[in-house]
$ cat final09.txt   # compact mmCIF, C-alpha atoms
# COMPACT_ATOMS: atom_id res chain seq x y z
CA ARG S 1 83.86 100.38 56.84
CA VAL S 2 83.39 99.34 60.43
CA GLN S 3 81.29 101.37 62.80
CA LEU S 4 82.34 101.02 66.42
CA GLN S 5 79.96 102.13 69.14
CA VAL S 6 80.61 101.66 72.83
CA ALA S 7 77.69 101.19 75.22
CA SER S 8 78.00 100.62 78.96
CA GLY S 9 75.86 98.37 81.08
CA HIS S 10 75.86 95.51 83.55
CA SER S 11 76.99 92.12 82.26
CA ASN S 12 73.47 90.66 82.27
CA ASP S 13 72.10 93.63 80.30
CA THR S 14 74.99 93.41 77.85
CA LEU S 15 74.43 89.68 77.33
CA SER S 16 70.74 90.32 76.67
CA ARG S 17 71.66 92.91 74.06
CA VAL S 18 74.09 90.49 72.39
CA LEU S 19 71.43 87.76 72.36
CA GLY S 20 68.89 90.23 70.97
CA GLY S 21 71.19 91.23 68.13
CA GLU S 22 71.61 94.85 69.33
CA LEU S 23 75.33 94.29 69.94
CA ASP S 24 77.77 92.16 67.97
CA ILE S 25 80.04 91.67 70.97
CA GLY S 26 80.00 92.42 74.68
CA LEU S 27 82.72 92.78 77.28
CA VAL S 28 81.33 91.01 80.35
CA THR S 29 82.44 89.23 83.48
CA LEU S 30 82.26 85.48 83.84
CA PRO S 31 80.35 83.31 84.35
CA VAL S 32 78.25 83.57 81.23
CA GLU S 33 75.19 81.37 81.47
CA ALA S 34 73.52 81.78 78.11
CA ASP S 35 73.02 79.42 75.23
CA ARG S 36 74.09 80.60 71.78
CA ILE S 37 76.97 82.69 73.20
CA ARG S 38 80.58 82.20 72.18
CA VAL S 39 82.95 83.25 74.97
CA THR S 40 86.57 84.35 74.60
CA GLU S 41 88.31 84.81 77.94
CA ILE S 42 90.57 87.85 78.08
CA GLY S 43 91.87 88.10 81.63
CA ARG S 44 91.20 88.98 85.24
CA ASP S 45 91.19 92.15 87.26
CA GLU S 46 91.58 92.61 90.99
CA LEU S 47 89.03 94.22 93.27
CA VAL S 48 90.66 96.28 96.00
CA ALA S 49 89.51 98.04 99.16
CA ILE S 50 89.89 101.78 98.81
CA VAL S 51 90.34 104.16 101.71
CA PRO S 52 91.48 107.75 102.22
CA PRO S 53 95.23 108.17 102.88
CA ASP S 54 94.71 108.80 106.61
CA HIS S 55 92.58 105.68 107.23
CA ALA S 56 93.62 103.12 109.85
CA TRP S 57 93.96 100.40 107.16
CA VAL S 58 96.75 102.09 105.19
CA GLU S 59 99.52 100.27 107.09
CA ARG S 60 98.00 96.84 106.45
CA ARG S 61 99.22 94.49 103.77
CA ARG S 62 95.79 92.91 103.18
CA ILE S 63 92.21 93.50 104.21
CA GLN S 64 90.23 90.51 105.47
CA ALA S 65 86.45 90.08 105.52
CA ALA S 66 86.31 90.72 109.27
CA ASP S 67 87.89 94.16 108.76
CA PHE S 68 84.71 95.30 106.99
CA ALA S 69 82.50 94.50 110.00
CA ASN S 70 82.82 97.89 111.69
CA GLU S 71 83.38 100.09 108.67
CA PRO S 72 80.76 102.11 106.80
CA LEU S 73 80.65 100.56 103.32
CA ILE S 74 79.93 102.50 100.16
CA LEU S 75 78.62 100.11 97.51
CA TYR S 76 78.75 100.45 93.77
CA GLU S 77 75.35 99.38 92.40
CA ARG S 78 73.97 96.31 94.13
CA GLU S 79 73.04 94.69 90.78
CA SER S 80 76.63 94.76 89.54
CA ARG S 81 78.56 91.51 89.52
CA MET S 82 81.42 93.31 91.27
CA THR S 83 79.19 94.04 94.26
CA GLY S 84 77.91 90.46 94.14
CA ILE S 85 81.47 89.16 94.41
CA LEU S 86 82.18 91.43 97.38
CA LEU S 87 78.96 90.63 99.24
CA ARG S 88 79.39 86.88 98.65
CA PHE S 89 82.97 87.10 100.03
CA LEU S 90 81.78 88.95 103.14
CA LEU S 91 78.68 86.83 103.78
CA GLU S 92 80.62 83.56 103.38
CA GLU S 93 82.83 84.79 106.23
CA GLY S 94 79.80 85.68 108.35
CA ILE S 95 80.26 89.43 107.89
CA PHE S 96 77.14 91.51 107.38
CA PRO S 97 78.44 94.85 106.10
CA ARG S 98 77.10 98.19 107.28
CA VAL S 99 76.16 99.70 103.91
CA VAL S 100 75.82 103.47 104.23
CA THR S 101 75.04 104.23 100.60
CA GLU S 102 74.83 102.73 97.12
CA VAL S 103 76.01 104.73 94.15
CA ASP S 104 75.76 104.01 90.43
CA GLN S 105 78.86 105.97 89.39
CA VAL S 106 82.43 104.88 90.13
CA GLU S 107 83.66 108.48 90.29
CA VAL S 108 81.13 109.30 93.02
CA VAL S 109 82.14 106.20 95.00
CA LYS S 110 85.78 107.34 94.87
CA GLU S 111 84.88 110.88 95.96
CA LEU S 112 82.79 109.66 98.91
CA VAL S 113 85.70 107.52 100.07
CA ARG S 114 88.18 110.35 99.52
CA ILE S 115 86.20 112.67 101.82
CA GLY S 116 86.00 109.98 104.50
CA LEU S 117 82.39 108.81 104.38
CA GLY S 118 83.34 105.13 104.24
CA VAL S 119 85.38 102.45 102.53
CA ALA S 120 84.59 100.86 99.18
CA VAL S 121 85.70 98.12 96.83
CA LEU S 122 86.50 98.88 93.20
CA PRO S 123 88.70 97.44 90.44
CA ALA S 124 92.37 98.35 90.94
CA TRP S 125 92.60 99.81 87.43
CA SER S 126 89.73 102.24 88.16
CA VAL S 127 91.59 103.92 91.05
CA ARG S 128 95.11 103.84 89.63
CA SER S 129 95.40 107.60 89.05
CA GLU S 130 93.96 108.54 92.47
CA VAL S 131 96.40 106.14 94.16
CA GLU S 132 99.33 107.57 92.17
CA ARG S 133 98.32 111.11 93.22
CA GLY S 134 98.06 110.01 96.87
CA GLU S 135 94.31 110.79 97.09
CA LEU S 136 93.31 107.17 97.85
CA ARG S 137 94.97 103.98 99.00
CA ALA S 138 94.16 100.62 97.45
CA LEU S 139 94.59 97.42 99.46
CA PRO S 140 94.30 93.77 98.41
CA ILE S 141 91.36 91.85 99.85
CA GLY S 142 91.45 88.35 101.31
CA THR S 143 94.25 85.85 101.45
CA HIS S 144 94.70 85.58 97.69
CA GLY S 145 93.02 88.73 96.44
CA LEU S 146 89.50 89.22 95.18
CA THR S 147 89.38 88.92 91.40
CA ARG S 148 86.91 88.57 88.58
CA ALA S 149 87.32 87.11 85.10
CA TRP S 150 86.45 89.01 81.93
CA CYS S 151 85.45 87.71 78.53
CA LEU S 152 84.15 88.79 75.17
CA ALA S 153 80.71 87.40 74.40
CA ALA S 154 79.32 87.10 70.87
CA LEU S 155 76.47 85.17 69.30
CA ASP S 156 77.53 81.66 68.40
CA ASN S 157 75.72 81.54 65.09
CA GLY S 158 78.32 80.08 62.78
CA ALA S 159 81.08 81.95 61.02
CA GLN S 160 81.95 85.39 62.36
CA PRO S 161 82.60 88.27 59.95
CA ALA S 162 86.26 89.13 59.43
CA SER S 163 85.77 92.54 61.06
CA LEU S 164 84.41 90.94 64.25
CA LYS S 165 87.27 88.43 64.34
CA ALA S 166 89.74 91.30 63.97
CA LEU S 167 88.10 93.24 66.82
CA ILE S 168 88.18 90.17 69.07
CA ARG S 169 91.86 89.64 68.21
CA LEU S 170 92.67 93.27 69.13
CA CYS S 171 90.76 93.01 72.39
CA VAL S 172 92.49 89.76 73.34
CA GLU S 173 95.83 91.37 72.58
CA HIS S 174 95.35 94.67 74.45
CA LEU S 175 92.65 94.37 77.14
CA PRO S 176 94.47 91.98 79.52
CA ARG S 177 97.25 94.55 80.00
CA LEU S 178 94.72 97.27 80.81
CA LEU S 179 92.92 95.09 83.37
CA THR S 180 96.04 94.19 85.31
CA ALA S 181 98.23 97.26 84.92

$ encode --input "final09.txt" --output "structure tokens"
Amino acid sequence: RVQLQVASGHSNDTLSRVLGGELDIGLVTLPVEADRIRVTEIGRDELVAIVPPDHAWVERRRIQAADFANEPLILYERESRMTGILLRFLLEEGIFPRVVTEVDQVEVVKELVRIGLGVAVLPAWSVRSEVERGELRALPIGTHGLTRAWCLAALDNGAQPASLKALIRLCVEHLPRLLTA
């Protein structure tokens, strides 16, 4: 008797929908800066630089901020927190990237990189199959990697229904493995 619907959106949009009662729970990245929200942390994923298999970076162990200085950069939506993390990392190191395009679909970003139009940064899990097939290479960024933390966000309005608690328990059990695998 539970109806599960999945809706995509940026973390801020998702939080607004949870606060507005449109969604019972949202999968968002931290930090969450909203009153009345109960947060359950579920894990971290790594953002990696992706390049075609013949790119000069493929022999490197890690990509540093300075490496982006002379590369055409393909951005996934500027409003996304993922892009915010990347741009903050680059700007803190004094690197002003040469953005050649912004795209709102991960699959298009991967295809543009695959055909050699630039480099990009995406979650490691989102390029796993392309890396396994040898279509793209994924490289860690920075000294310790570039990561983001994920959580489940629900209204903090007292007792949660048993069905919502069960869904949260399943997500906590299974999502961390999917983010890091």

$ closest_residue --input "final09.txt" --among "S:Val6, S:Ala65, S:Asp45, S:Thr40" --to "Arg88 of chain S" --atoms "only C-alpha atoms"
S:Ala65

$ residues_around --input "final09.txt" --residues "segment 159-169 of chain S" --least-positions-apart "2" --cutoff "9 Å" --atoms "all atoms listed in the file" --output "PyMOL selection string"
chain S and resi 2+24-25+40+152+155-157+171-174

$ residues_near_point --input "final09.txt" --point "(82.3, 94.7, 94.6)" --cutoff "12 Å" --atoms "all atoms listed in the file" --output "JSON, numbers by chain"
{"S": [45, 46, 47, 48, 49, 50, 73, 74, 75, 76, 77, 78, 79, 80, 81, 82, 83, 84, 85, 86, 87, 88, 89, 90, 102, 103, 106, 109, 119, 120, 121, 122, 123, 124, 141, 146, 147, 148]}

$ closest_residue --input "final09.txt" --among "S:Val18, S:Val51, S:Pro31, S:Arg36" --to "Val131 of chain S" --atoms "all atoms listed in the file"
S:Val51

$ residues_around --input "final09.txt" --residues "His55 of chain S" --least-positions-apart "6" --cutoff "10 Å" --atoms "all atoms listed in the file" --output "PDB file with C-alpha atoms, keeping the file's coordinate frame"
ATOM      1  CA  GLY S 116      86.000 109.980 104.500  1.00  0.00           C
ATOM      2  CA  GLY S 118      83.340 105.130 104.240  1.00  0.00           C
ATOM      3  CA  VAL S 119      85.380 102.450 102.530  1.00  0.00           C
ATOM      4  CA  LEU S 136      93.310 107.170  97.850  1.00  0.00           C
ATOM      5  CA  ARG S 137      94.970 103.980  99.000  1.00  0.00           C
TER       6      ARG S 137
END

$ closest_residue --input "final09.txt" --among "S:Leu27, S:Gln64, S:Leu178, S:Gly21" --to "Ser8 of chain S" --atoms "only C-alpha atoms"
S:Leu27

$ closest_residue --input "final09.txt" --among "S:Gly94, S:Pro52, S:Pro176, S:Gly142" --to "Val127 of chain S" --atoms "all atoms listed in the file"
S:Pro52

$ closest_residue --input "final09.txt" --among "S:Pro97, S:Leu23, S:Leu175, S:Ala138" --to "Pro53 of chain S" --atoms "all atoms listed in the file"
S:Ala138

$ atom_distance --input "final09.txt" --atom1 "atom CA of Val99 of chain S" --atom2 "atom CA of Leu139 of chain S"
19.1 Å

$ residues_around --input "final09.txt" --residues "Asn70 of chain S" --least-positions-apart "6" --cutoff "10 Å" --atoms "all atoms listed in the file" --output "count of residues only"
4

$ atom_distance --input "final09.txt" --atom1 "atom CA of Arg128 of chain S" --atom2 "atom CA of Arg60 of chain S"
18.4 Å

$ atom_distance --input "final09.txt" --atom1 "atom CA of Leu30 of chain S" --atom2 "atom CA of Thr143 of chain S"
21.3 Å
